[in-house]
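Undergrad: For reference, this is upload15.pdb, and it has PDB, C-alpha atoms and all ligand atoms.
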ATOM      1  CA  MET A   7       0.000   0.000   0.000
ATOM      2  CA  HIS A   8       2.626   2.444   1.060
ATOM      3  CA  VAL A   9       4.692   1.711  -2.067
ATOM      4  CA  ILE A  10       1.682   2.400  -4.298
ATOM      5  CA  ARG A  11       1.014   5.687  -2.545
ATOM      6  CA  VAL A  12       4.616   6.761  -2.945
ATOM      7  CA  LEU A  13       4.588   5.697  -6.577
ATOM      8  CA  SER A  14       1.407   7.562  -7.420
ATOM      9  CA  ALA A  15       2.741  10.641  -5.647
ATOM     10  CA  ALA A  16       5.876  10.358  -7.743
ATOM     11  CA  VAL A  17       3.819  10.075 -10.929
ATOM     12  CA  ALA A  18       1.746  13.126  -9.950
ATOM     13  CA  LEU A  19       4.909  15.073  -9.186
ATOM     14  CA  ALA A  20       6.475  14.053 -12.493
ATOM     15  CA  ALA A  21       3.337  15.216 -14.322
ATOM     16  CA  LEU A  22       3.594  18.558 -12.515
ATOM     17  CA  LEU A  23       7.251  18.992 -13.363
ATOM     18  CA  HIS A  24       6.879  17.817 -16.968
ATOM     19  CA  PRO A  25       3.508  18.954 -18.263
ATOM     20  CA  PRO A  26       2.633  17.359 -21.594
ATOM     21  CA  ALA A  27       4.014  19.399 -24.487
ATOM     22  CA  ARG A  28       1.510  21.838 -25.970
ATOM     23  CA  ALA A  29       0.110  20.532 -29.214
ATOM     24  CA  VAL A  30       1.666  22.475 -32.092
ATOM     25  CA  VAL A  31      -0.959  23.177 -34.717
ATOM     26  CA  PRO A  32       0.865  23.393 -38.029
ATOM     27  CA  GLN A  33       0.011  26.454 -40.092
ATOM     28  CA  PRO A  34      -0.596  25.895 -43.811
ATOM     29  CA  ASP A  35       2.680  27.406 -44.912
ATOM     30  CA  THR A  36       4.766  25.473 -42.413
ATOM     31  CA  MET A  37       3.061  22.276 -43.600
ATOM     32  CA  ARG A  38       4.271  23.191 -47.074
ATOM     33  CA  GLY A  39       7.713  23.525 -45.570
ATOM     34  CA  ILE A  40       8.390  27.048 -46.767
ATOM     35  CA  ALA A  41       6.661  30.205 -45.670
ATOM     36  CA  SER A  42       5.975  32.937 -48.202
ATOM     37  CA  PRO A  43       6.482  36.544 -47.209
ATOM     38  CA  ALA A  44       3.326  38.634 -46.937
ATOM     39  CA  ALA A  45       2.040  39.649 -50.360
ATOM     40  CA  THR A  46       3.817  42.764 -51.597
ATOM     41  CA  LEU A  47       3.805  42.364 -55.378
ATOM     42  CA  SER A  48       1.306  42.782 -58.197
ATOM     43  CA  SER A  49      -1.020  39.838 -58.791
ATOM     44  CA  ALA A  50       1.258  38.653 -61.614
ATOM     45  CA  GLY A  51       4.253  39.019 -59.298
ATOM     46  CA  GLU A  52       2.638  36.920 -56.577
ATOM     47  CA  GLY A  53       1.738  34.400 -59.289
ATOM     48  CA  ARG A  54       5.374  34.247 -60.355
ATOM     49  CA  ARG A  55       6.298  33.727 -56.699
ATOM     50  CA  VAL A  56       3.996  30.692 -56.519
ATOM     51  CA  TYR A  57       5.216  29.475 -59.918
ATOM     52  CA  LEU A  58       8.769  29.354 -58.567
ATOM     53  CA  LYS A  59       7.902  28.204 -55.059
ATOM     54  CA  LEU A  60       5.863  25.196 -56.236
ATOM     55  CA  ASN A  61       8.357  24.209 -58.937
ATOM     56  CA  CYS A  62       6.024  24.708 -61.890
ATOM     57  CA  TYR A  63       9.175  25.821 -63.718
ATOM     58  CA  GLY A  64      10.691  22.355 -63.265
ATOM     59  CA  CYS A  65       8.295  21.038 -65.920
ATOM     60  CA  HIS A  66       7.095  24.178 -67.708
ATOM     61  CA  GLY A  67      10.377  26.074 -67.935
ATOM     62  CA  MET A  68      11.683  29.148 -66.147
ATOM     63  CA  HIS A  69       9.321  31.410 -68.131
ATOM     64  CA  GLY A  70       6.463  29.037 -68.909
ATOM     65  CA  TYR A  71       7.453  28.232 -72.487
ATOM     66  CA  GLY A  72       7.616  24.507 -71.742
ATOM     67  CA  THR A  73      10.232  21.795 -71.268
ATOM     68  CA  MET A  74       8.981  18.363 -70.209
ATOM     69  CA  GLY A  75       5.512  19.944 -69.744
ATOM     70  CA  PRO A  76       3.777  22.046 -72.410
ATOM     71  CA  ASN A  77       4.102  25.772 -73.083
ATOM     72  CA  ILE A  78       1.650  27.453 -70.691
ATOM     73  CA  ALA A  79       2.551  31.092 -71.403
ATOM     74  CA  GLY A  80      -0.664  33.050 -71.907
ATOM     75  CA  GLU A  81      -2.848  30.314 -70.372
ATOM     76  CA  GLY A  82      -6.154  31.917 -69.320
ATOM     77  CA  ASP A  83      -7.374  29.859 -66.366
ATOM     78  CA  VAL A  84      -5.396  27.093 -64.673
ATOM     79  CA  THR A  85      -8.080  26.159 -62.122
ATOM     80  CA  GLU A  86      -9.058  22.793 -63.641
ATOM     81  CA  TRP A  87      -5.443  21.751 -64.102
ATOM     82  CA  ILE A  88      -4.490  22.773 -60.580
ATOM     83  CA  TYR A  89      -7.435  20.852 -59.133
ATOM     84  CA  ALA A  90      -7.298  17.681 -61.198
ATOM     85  CA  GLY A  91      -3.796  17.491 -62.671
ATOM     86  CA  GLY A  92      -3.356  15.659 -65.981
ATOM     87  CA  ALA A  93      -2.780  12.125 -67.241
ATOM     88  CA  GLN A  94       0.550  12.957 -68.884
ATOM     89  CA  GLY A  95       2.303  13.985 -65.668
ATOM     90  CA  MET A  96       0.722  17.211 -64.450
ATOM     91  CA  PRO A  97       0.325  16.792 -60.644
ATOM     92  CA  SER A  98      -2.700  18.171 -58.790
ATOM     93  CA  PHE A  99      -1.772  21.206 -56.697
ATOM     94  CA  ARG A 100      -5.182  21.453 -55.080
ATOM     95  CA  ALA A 101      -3.810  20.982 -51.551
ATOM     96  CA  LEU A 102      -0.986  23.461 -52.082
ATOM     97  CA  MET A 103      -2.671  26.482 -53.645
ATOM     98  CA  THR A 104      -5.348  28.831 -52.351
ATOM     99  CA  SER A 105      -7.923  30.355 -54.689
ATOM    100  CA  THR A 106      -5.919  33.589 -54.482
ATOM    101  CA  ASP A 107      -2.800  31.707 -55.580
ATOM    102  CA  ILE A 108      -4.743  30.418 -58.598
ATOM    103  CA  LEU A 109      -5.961  33.904 -59.581
ATOM    104  CA  ASN A 110      -2.415  35.215 -59.194
ATOM    105  CA  MET A 111      -1.114  32.315 -61.309
ATOM    106  CA  ASN A 112      -3.581  33.207 -64.077
ATOM    107  CA  ALA A 113      -2.363  36.813 -63.949
ATOM    108  CA  TYR A 114       1.256  35.680 -64.105
ATOM    109  CA  LEU A 115       0.782  33.296 -67.034
ATOM    110  CA  LYS A 116      -1.126  35.970 -68.964
ATOM    111  CA  SER A 117       1.692  38.467 -68.355
ATOM    112  CA  ILE A 118       4.377  36.234 -69.891
ATOM    113  CA  GLY A 119       5.860  37.811 -72.985
ATOM    114  CA  THR A 120       4.338  41.211 -72.191
ATOM    115  CA  PRO A 121       6.174  44.260 -70.822
ATOM    116  CA  VAL A 122       4.775  43.615 -67.303
ATOM    117  CA  GLU A 123       6.034  40.036 -67.074
ATOM    118  CA  PRO A 124       7.799  39.566 -63.701
ATOM    119  CA  THR A 125      11.088  37.714 -64.198
ATOM    120  CA  PHE A 126      12.594  37.628 -60.702
ATOM    121  CA  THR A 127      13.994  34.417 -59.215
ATOM    122  CA  HIS A 128      14.317  35.353 -55.496
ATOM    123  CA  TRP A 129      10.704  34.502 -54.706
ATOM    124  CA  TRP A 130      11.386  34.116 -50.975
ATOM    125  CA  GLU A 131      12.164  37.820 -50.568
ATOM    126  CA  ALA A 132       9.228  40.125 -49.804
ATOM    127  CA  VAL A 133      10.486  42.443 -52.541
ATOM    128  CA  PRO A 134      12.587  40.207 -54.791
ATOM    129  CA  SER A 135      16.010  41.691 -55.482
ATOM    130  CA  GLN A 136      16.649  39.480 -58.532
TER     131      GLN A 136
HETATM  132  C1  LIG A 201       6.006  17.090 -62.765
HETATM  133  C2  LIG A 201       5.899  18.020 -63.860
HETATM  134  C3  LIG A 201       4.921  19.156 -63.754
HETATM  135  C4  LIG A 201       4.826  20.117 -62.780
HETATM  136  C5  LIG A 201       5.660  20.238 -61.504
HETATM  137  C6  LIG A 201       3.777  21.007 -63.185
HETATM  138  N1  LIG A 201       3.250  20.604 -64.359
HETATM  139 FE1  LIG A 201       1.725  21.485 -65.384
HETATM  140  N2  LIG A 201       1.773  19.998 -66.756
HETATM  141  C7  LIG A 201       2.682  18.963 -66.797
HETATM  142  C8  LIG A 201       2.384  18.087 -67.941
HETATM  143  C9  LIG A 201       3.158  16.851 -68.322
HETATM  144  C10 LIG A 201       1.240  18.628 -68.557
HETATM  145  C11 LIG A 201       0.510  18.057 -69.791
HETATM  146  C12 LIG A 201      -0.897  17.645 -69.447
HETATM  147  C13 LIG A 201      -1.055  16.335 -68.684
HETATM  148  O1  LIG A 201      -0.294  16.009 -67.761
HETATM  149  O2  LIG A 201      -1.980  15.613 -68.990
HETATM  150  C14 LIG A 201       0.904  19.848 -67.793
HETATM  151  C15 LIG A 201      -0.152  20.681 -68.106
HETATM  152  C16 LIG A 201      -0.389  21.899 -67.503
HETATM  153  C17 LIG A 201      -1.381  22.845 -67.946
HETATM  154  C18 LIG A 201      -2.331  22.668 -69.116
HETATM  155  C19 LIG A 201      -1.647  23.082 -70.394
HETATM  156  C20 LIG A 201      -2.615  22.961 -71.546
HETATM  157  O3  LIG A 201      -2.512  21.974 -72.278
HETATM  158  O4  LIG A 201      -3.458  23.848 -71.696
HETATM  159  C21 LIG A 201      -1.305  23.916 -67.120
HETATM  160  C22 LIG A 201      -2.143  25.191 -67.174
HETATM  161  C23 LIG A 201      -0.267  23.630 -66.155
HETATM  162  N3  LIG A 201       0.278  22.402 -66.422
HETATM  163  C24 LIG A 201       0.101  24.486 -65.141
HETATM  164  C25 LIG A 201       1.009  24.156 -64.136
HETATM  165  C26 LIG A 201       1.261  24.980 -62.975
HETATM  166  C27 LIG A 201       0.633  26.327 -62.707
HETATM  167  C28 LIG A 201       2.161  24.304 -62.214
HETATM  168  C29 LIG A 201       2.695  24.669 -60.852
HETATM  169  C30 LIG A 201       1.726  24.949 -59.828
HETATM  170  C31 LIG A 201       2.480  23.070 -62.897
HETATM  171  N4  LIG A 201       1.759  23.023 -64.066
HETATM  172  C32 LIG A 201       3.383  22.125 -62.463
HETATM  173  C33 LIG A 201       3.706  18.758 -65.926
HETATM  174  C34 LIG A 201       3.924  19.478 -64.748
END
The structure in this file should be written as structure tokens.
TA:
Amino acid sequence: MHVIRVLSAAVALAALLHPPARAVVPQPDTMRGIASPAATLSSAGEGRRVYLKLNCYGCHGMHGYGTMGPNIAGEGDVTEWIYAGGAQGMPSFRALMTSTDILNMNAYLKSIGTPVEPTFTHWWEAVPSQ
């Protein structure tokens, strides 16, 4: 009896000294691994930021003109492709992009080849220096 009482007191004391760690609720951007700076650019600029951040350029080229994936410069609305992906290798980005990201992506793709096309590569900077 005495041993049990001492043990349970020890357990209670341990719980007091080491409270269970607070649950950390992951925020969307930390779940994606990389946080974006707060929006500071034009819609096309924020679209370019997402284009670089999510590696669209890996398949569609640095400026959208296509490599392994097709030329998507000037594309009007990417919503369906972002949601469903494609059978030839286009992944779905539904879980990774907000509706604002998609609107910004449309603005970016439409700007390609025009004088307002953003061409920076330092997407992680609030105001990209390059
Ligand atoms: C792993 C390679 C890959 C990545 C990464 C990728 N795509 Fe694609 N994408 C493709 C391929 C391949 C197609 C051809 C269609 C298919 O897969 O059926 C395609 C098709 C598309 C199309 C349709 C083009 C058309 O025919 O009208 C759009 C728009 C598009 N991608 C946008 C994007 C955007 C935006 C991103 C980034 C968020 C992205 N893609 C990332 C490979 C990729």
Undergrad: Report, in Å to a single decimal, how far apart CA of His66 in chain A and CA of Pro97 in chain A are.
TA: 12.3 Å
Undergrad: Mind dumping a table of every chain A residue within 10 Å of ligand LIG 201 (chain A), with the nearest atom pair and its distance in Å to one decimal, using only C-alpha atoms and all ligand atoms, sorted by chain and rising number, as a tab-separated table?
TA:
residue	atom	partner	partner_atom	distance
A:Gly53	CA	A:LIG201	C27	8.8
A:Arg54	CA	A:LIG201	C27	9.5
A:Val56	CA	A:LIG201	C30	7.0
A:Tyr57	CA	A:LIG201	C29	5.5
A:Leu58	CA	A:LIG201	C29	8.0
A:Lys59	CA	A:LIG201	C30	8.5
A:Leu60	CA	A:LIG201	C30	5.5
A:Asn61	CA	A:LIG201	C5	5.4
A:Cys62	CA	A:LIG201	C29	3.5
A:Tyr63	CA	A:LIG201	C5	7.0
A:Gly64	CA	A:LIG201	C5	5.7
A:Cys65	CA	A:LIG201	C2	4.4
A:His66	CA	A:LIG201	N1	6.2
A:Gly67	CA	A:LIG201	C6	9.6
A:Gly70	CA	A:LIG201	C24	8.7
A:Gly72	CA	A:LIG201	N2	8.9
A:Thr73	CA	A:LIG201	C33	9.0
A:Met74	CA	A:LIG201	C9	6.3
A:Gly75	CA	A:LIG201	C8	4.1
A:Pro76	CA	A:LIG201	C10	5.7
A:Asn77	CA	A:LIG201	C19	6.9
A:Ile78	CA	A:LIG201	C19	5.5
A:Ala79	CA	A:LIG201	C22	8.6
A:Gly80	CA	A:LIG201	C22	9.3
A:Glu81	CA	A:LIG201	C22	6.1
A:Gly82	CA	A:LIG201	C22	8.1
A:Asp83	CA	A:LIG201	C22	7.1
A:Val84	CA	A:LIG201	C22	4.5
A:Thr85	CA	A:LIG201	C22	7.9
A:Glu86	CA	A:LIG201	C22	8.1
A:Trp87	CA	A:LIG201	C21	5.6
A:Ile88	CA	A:LIG201	C27	6.6
A:Ala90	CA	A:LIG201	O2	9.7
A:Gly91	CA	A:LIG201	O1	6.4
A:Gly92	CA	A:LIG201	O2	3.3
A:Ala93	CA	A:LIG201	O2	4.0
A:Gln94	CA	A:LIG201	O1	3.4
A:Gly95	CA	A:LIG201	O1	3.9
A:Met96	CA	A:LIG201	C7	3.5
A:Pro97	CA	A:LIG201	C4	6.0
A:Ser98	CA	A:LIG201	C32	8.1
A:Phe99	CA	A:LIG201	C30	6.0
A:Arg100	CA	A:LIG201	C30	9.1
A:Leu102	CA	A:LIG201	C30	8.3
A:Met103	CA	A:LIG201	C30	7.7
A:Asp107	CA	A:LIG201	C30	9.2
A:Ile108	CA	A:LIG201	C27	7.9
A:Met111	CA	A:LIG201	C27	6.4
A:Asn112	CA	A:LIG201	C27	8.2
A:Tyr114	CA	A:LIG201	C27	9.5
A:Leu115	CA	A:LIG201	C27	8.2
Undergrad: Using CA of Ala50 in chain A and CA of Ala101 in chain A as the two end points, give the distance in Å to one decimal.
TA: 21.0 Å
Undergrad: What gap, in Å, lies between CA of Pro124 in chain A and CA of Thr46 in chain A?
TA: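 Between CA of Pro124 in chain A and CA of Thr46 in chain A the gap is 13.1 Å.
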Undergrad: Could you name the residues that touch range 129-136 of chain A at 6 Å or less, counting all atoms listed in the file, but leaving out those on the same chain fewer than 3 positions away, as a PyMOL selection string?
TA: chain A and resi 43+55+126
Undergrad: Of the residues A:Ser42, A:Ser49, A:His69, A:Tyr89, which is the one nearest to Leu109 in chain A, using only C-alpha atoms?
TA: A:Ser49
